[in-house]
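Undergrad: Contents of query33.cif (mmCIF, C-alpha atoms and all ligand atoms):
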data_final
#
loop_
_atom_site.label_atom_id
_atom_site.label_comp_id
_atom_site.auth_asym_id
_atom_site.auth_seq_id
_atom_site.Cartn_x
_atom_site.Cartn_y
_atom_site.Cartn_z
CA MET A 1 0.00 0.00 0.00
CA GLY A 2 1.76 3.14 -1.23
CA LEU A 3 2.02 6.54 0.37
CA PHE A 4 -0.50 8.01 -2.05
CA PHE A 5 -3.05 5.24 -1.62
CA ASN A 6 -6.37 6.60 -2.76
CA LYS A 7 -8.24 3.58 -4.08
CA GLU A 8 -11.97 3.66 -3.99
CA LEU A 9 -13.32 0.60 -2.24
CA ASN A 10 -17.06 0.39 -2.62
CA SER A 11 -17.61 -3.32 -2.95
CA LEU A 12 -16.15 -6.74 -2.23
CA ASP A 13 -15.30 -6.92 -5.95
CA ASP A 14 -13.14 -3.79 -5.60
CA LEU A 15 -11.44 -5.33 -2.59
CA LEU A 16 -10.80 -8.67 -4.31
CA VAL A 17 -9.25 -6.87 -7.28
CA LEU A 18 -6.98 -4.89 -4.96
CA GLU A 19 -5.90 -8.06 -3.14
CA LEU A 20 -5.12 -9.71 -6.48
CA ASP A 21 -3.12 -6.69 -7.68
CA TYR A 22 -0.98 -6.81 -4.52
CA LEU A 23 -0.50 -10.56 -4.89
CA TYR A 24 0.51 -10.21 -8.52
CA ASP A 25 3.18 -7.66 -7.57
CA ALA A 26 4.34 -9.85 -4.66
CA GLU A 27 4.65 -12.99 -6.80
CA LEU A 28 6.56 -11.19 -9.56
CA ARG A 29 9.04 -9.90 -6.96
CA LEU A 30 9.43 -13.44 -5.61
CA CYS A 31 10.21 -14.79 -9.08
CA THR A 32 13.38 -12.68 -8.93
CA ALA A 33 14.14 -13.17 -5.22
CA LEU A 34 13.76 -16.96 -4.85
CA PRO A 35 16.55 -17.96 -7.27
CA LYS A 36 18.87 -15.67 -5.30
CA MET A 37 17.86 -17.42 -2.08
CA ALA A 38 18.50 -20.79 -3.75
CA GLU A 39 21.93 -19.60 -4.81
CA ALA A 40 22.71 -18.39 -1.28
CA ALA A 41 21.55 -21.62 0.42
CA HIS A 42 24.34 -23.90 1.61
CA ALA A 43 22.49 -27.17 2.38
CA GLU A 44 21.56 -29.06 -0.79
CA ALA A 45 18.03 -29.85 0.47
CA LEU A 46 17.36 -26.18 1.15
CA LYS A 47 18.73 -25.14 -2.23
CA THR A 48 16.39 -27.67 -3.89
CA ALA A 49 13.41 -26.46 -1.84
CA PHE A 50 14.00 -22.85 -2.95
CA GLU A 51 14.55 -23.88 -6.59
CA GLU A 52 11.32 -25.88 -6.64
CA HIS A 53 9.39 -23.06 -5.01
CA ALA A 54 10.83 -20.62 -7.55
CA ARG A 55 9.32 -22.80 -10.32
CA GLN A 56 6.03 -23.04 -8.41
CA THR A 57 6.02 -19.26 -8.06
CA GLN A 58 6.06 -18.89 -11.87
CA ARG A 59 2.89 -20.98 -11.85
CA HIS A 60 1.41 -18.73 -9.16
CA VAL A 61 1.98 -15.77 -11.50
CA SER A 62 0.30 -17.67 -14.37
CA ARG A 63 -2.69 -18.52 -12.17
CA LEU A 64 -3.14 -14.87 -11.23
CA GLU A 65 -2.95 -13.94 -14.93
CA GLN A 66 -5.61 -16.56 -15.66
CA ILE A 67 -7.77 -15.08 -12.88
CA PHE A 68 -7.43 -11.60 -14.40
CA VAL A 69 -8.56 -13.06 -17.76
CA ASP A 70 -11.48 -14.89 -16.10
CA MET A 71 -12.54 -11.65 -14.43
CA GLY A 72 -12.24 -9.74 -17.73
CA ARG A 73 -9.45 -7.50 -16.48
CA SER A 74 -5.92 -6.85 -17.59
CA SER A 75 -3.08 -7.85 -15.25
CA ASN A 76 -2.22 -5.06 -12.90
CA GLN A 77 0.46 -4.66 -10.23
CA GLU A 78 -0.14 -2.64 -7.10
CA THR A 79 3.17 -2.20 -5.29
CA CYS A 80 3.25 -4.61 -2.38
CA ASP A 81 5.35 -2.78 0.21
CA ALA A 82 5.06 -5.70 2.62
CA MET A 83 6.70 -8.10 0.15
CA LYS A 84 9.31 -5.48 -0.76
CA GLY A 85 10.24 -5.28 2.93
CA LEU A 86 10.33 -9.05 3.43
CA ILE A 87 12.53 -9.48 0.37
CA SER A 88 14.89 -6.75 1.50
CA GLU A 89 15.24 -8.53 4.87
CA GLY A 90 16.05 -11.70 2.93
CA LYS A 91 18.67 -9.81 0.95
CA GLU A 92 20.37 -8.72 4.17
CA ILE A 93 20.74 -12.40 5.07
CA ILE A 94 22.01 -13.30 1.60
CA ASP A 95 24.64 -10.56 1.89
CA ALA A 96 25.60 -11.39 5.49
CA THR A 97 28.97 -12.92 6.25
CA GLY A 98 29.49 -15.72 8.78
CA SER A 99 28.65 -19.40 9.12
CA PRO A 100 26.84 -20.91 6.08
CA GLU A 101 24.92 -23.20 8.46
CA VAL A 102 23.63 -20.27 10.52
CA LYS A 103 22.79 -18.36 7.35
CA ASP A 104 20.72 -21.35 6.16
CA ALA A 105 18.66 -21.18 9.37
CA ALA A 106 18.20 -17.44 8.78
CA LEU A 107 17.16 -17.98 5.14
CA ILE A 108 14.46 -20.40 6.28
CA GLY A 109 13.16 -17.82 8.75
CA ALA A 110 13.04 -15.17 6.00
CA ALA A 111 11.33 -17.54 3.54
CA GLN A 112 8.71 -18.57 6.11
CA ARG A 113 7.85 -14.93 6.75
CA VAL A 114 7.15 -14.65 3.02
CA GLU A 115 5.05 -17.83 3.00
CA HIS A 116 2.98 -16.69 5.97
CA TYR A 117 2.29 -13.37 4.28
CA GLU A 118 1.17 -15.18 1.13
CA ILE A 119 -0.94 -17.69 3.06
CA ALA A 120 -2.77 -14.81 4.76
CA ALA A 121 -3.22 -12.87 1.51
CA TYR A 122 -4.36 -15.86 -0.58
CA GLY A 123 -6.70 -16.99 2.21
CA THR A 124 -8.33 -13.56 2.28
CA ALA A 125 -8.65 -13.35 -1.52
CA ARG A 126 -10.04 -16.90 -1.73
CA THR A 127 -12.66 -16.11 0.91
CA PHE A 128 -13.74 -12.94 -0.93
CA ALA A 129 -13.97 -14.90 -4.21
CA GLU A 130 -16.08 -17.57 -2.46
CA ARG A 131 -18.42 -14.91 -1.14
CA LEU A 132 -18.75 -13.50 -4.68
CA GLY A 133 -19.49 -16.94 -6.13
CA LEU A 134 -16.46 -16.85 -8.47
CA LEU A 135 -15.84 -20.57 -8.43
CA ASP A 136 -13.05 -20.71 -11.04
CA VAL A 137 -11.21 -17.97 -9.18
CA VAL A 138 -11.65 -19.83 -5.88
CA ARG A 139 -10.23 -23.01 -7.42
CA LEU A 140 -7.12 -21.24 -8.76
CA LEU A 141 -6.49 -19.31 -5.53
CA GLN A 142 -6.95 -22.47 -3.45
CA ALA A 143 -4.42 -24.36 -5.62
CA THR A 144 -1.78 -21.72 -4.92
CA LEU A 145 -2.74 -21.45 -1.25
CA ASP A 146 -2.23 -25.22 -0.88
CA GLU A 147 1.24 -24.97 -2.45
CA GLU A 148 2.23 -22.07 -0.17
CA ARG A 149 1.16 -24.13 2.85
CA GLU A 150 3.09 -27.18 1.62
CA THR A 151 6.20 -25.04 1.14
CA ASP A 152 5.84 -23.60 4.63
CA GLU A 153 5.57 -27.11 6.10
CA ARG A 154 8.52 -28.34 4.05
CA LEU A 155 10.65 -25.45 5.36
CA SER A 156 9.58 -26.19 8.96
CA THR A 157 10.56 -29.84 8.53
CA LEU A 158 13.94 -28.91 7.04
CA ALA A 159 14.61 -26.51 9.92
CA GLU A 160 13.53 -28.95 12.61
CA GLN A 161 15.25 -32.03 11.18
CA HIS A 162 18.54 -30.65 9.88
CA ILE A 163 19.25 -26.99 9.53
CA ASN A 164 18.74 -25.76 13.10
CA GLN A 165 20.96 -28.48 14.59
CA ARG A 166 23.73 -27.63 12.12
CA ALA A 167 23.38 -23.93 12.92
CA GLU A 168 23.56 -24.71 16.66
CA ARG A 169 26.77 -26.71 16.23
CA HIS A 170 28.35 -23.73 14.47
CA ALA A 171 27.24 -21.16 17.04
FE FE B 201 3.45 -17.86 -4.30
#
Could you write out this file's structure as structure tokens?
Ligand SMILES: [Fe+2]

TA:
Amino acid sequence: MGLFFNKELNSLDDLLVLELDYLYDAELRLCTALPKMAEAAHAEALKTAFEEHARQTQRHVSRLEQIFVDMGRSSNQETCDAMKGLISEGKEIIDATGSPEVKDAALIGAAQRVEHYEIAAYGTARTFAERLGLLDVVRLLQATLDEERETDERLSTLAEQHINQRAERHA
């Protein structure tokens, strides 16, 4: 939400469109950020998780574009300051010096912040679409929401089973 935010919100349709515009901006930013996180990851399993989620994220962009088509709108980005901030925190970790094992634990923390933001945003948009009876839109948003949740769980498992122990040993 920019400094000069002056959208007119008169209906749930307006609100759904705004949510989708923020999500589109957020996903496009992630398409650039996730490969950098994959490159920065030290543990092979974490690198693979980021690479796979980068590919999934391209599909998330395509689904949003399909939703815009279904709704008879052109794709539009509304700057997502929240995602900009989360990505810039991630970049600080990428650029940090120190133990690769500790940095891996930090990268997971940064990535999970992103996932939680997306889970909240997709959940909200999906619920609005349900309310509006836009069943195709609901189906596409739910598909992405499920993948964001799976990614979040996969990152939790990686942290709990491997990465955090390695980071602790290097503390
Ligand atoms: Fe996504």

Undergrad: At a cut-off of 12 Å and counting all atoms listed in the file, what residues surround ligand FE 201 (chain B)? Please answer as a ChimeraX atom specification.

TA: /A:22-31,33-34,50,52-64,83,111-112,114-122,140-152

Undergrad: Leaving out range 158-169 of chain A and any residue of its chain fewer than 5 positions from it, which residues lie within 7 Å of it when counting only C-alpha atoms, given as a PyMOL selection string?

TA: chain A and resi 101-102+104-105

Undergrad: Which of these residues is nearest to Thr157 in chain A, using only C-alpha atoms: A:Ala45, A:Leu135, A:Cys80, A:Ala38?

TA: A:Ala45

Undergrad: Kindly give the distance, in Å, that separates CA of Ala49 in chain A and CA of Glu78 in chain A, rounded to a single decimal.

TA: 27.9 Å

Undergrad: Could you state the separation of CA of Leu18 in chain A and CA of Gly90 in chain A in Å, given to one decimal place?

TA: 25.3 Å

Undergrad: Which one of A:Asp81, A:Met71, A:Glu8, A:Leu16 sits closest to Glu130 in chain A if you count all atoms listed in the file?

TA: A:Leu16

Undergrad: Give the answer as one residue: which of A:Ile67, A:Val17, A:Leu155, A:Leu9 has the shortest atom-to-atom distance to Thr124 in chain A, using only C-alpha atoms?

TA: A:Val17

Undergrad: In Å, how far is it from CA of Leu20 in chain A to CA of Thr127 in chain A?

TA: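 Atom-to-atom, CA of Leu20 in chain A to CA of Thr127 in chain A, that is 12.3 Å.
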
Undergrad: Given the choices A:Ser74, A:Val137, A:Glu44, A:Met37, which gets closest to Glu89 in chain A if the distance is worked out from all atoms listed in the file?

TA: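 Closest to Glu89 in chain A, using all atoms listed in the file: A:Met37.
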
Undergrad: Identify which of the residues A:Leu15, A:Ile108, A:Ala125, A:Val138 lies closest to Ile94 in chain A, counting all atoms listed in the file when measuring atom-to-atom distances.

TA: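 Smallest distance to Ile94 in chain A is found for A:Ile108.
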
Undergrad: Return the single residue from A:Glu19, A:Lys36, A:Lys47, A:Asp70 that is closest to Arg126 in chain A, with distances computed using all atoms listed in the file.

TA: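 Closest residue, counting all atoms listed in the file: A:Glu19.
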
Undergrad: Within 8 Å of Asp21 in chain A, counting all atoms listed in the file, which residues show up once you throw out same-chain ones fewer than 5 positions away? Write them as a short mmCIF file (atom, residue, chain, number, x, y, z; two decimals) with C-alpha atoms, in the coordinates of the input, please.

TA:
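Contents of around-v7.cif, freshly written:
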data_model
loop_
_atom_site.label_atom_id
_atom_site.label_comp_id
_atom_site.auth_asym_id
_atom_site.auth_seq_id
_atom_site.Cartn_x
_atom_site.Cartn_y
_atom_site.Cartn_z
CA SER A 75 -3.08 -7.85 -15.25
CA ASN A 76 -2.22 -5.06 -12.90
CA GLN A 77 0.46 -4.66 -10.23
CA GLU A 78 -0.14 -2.64 -7.10
#
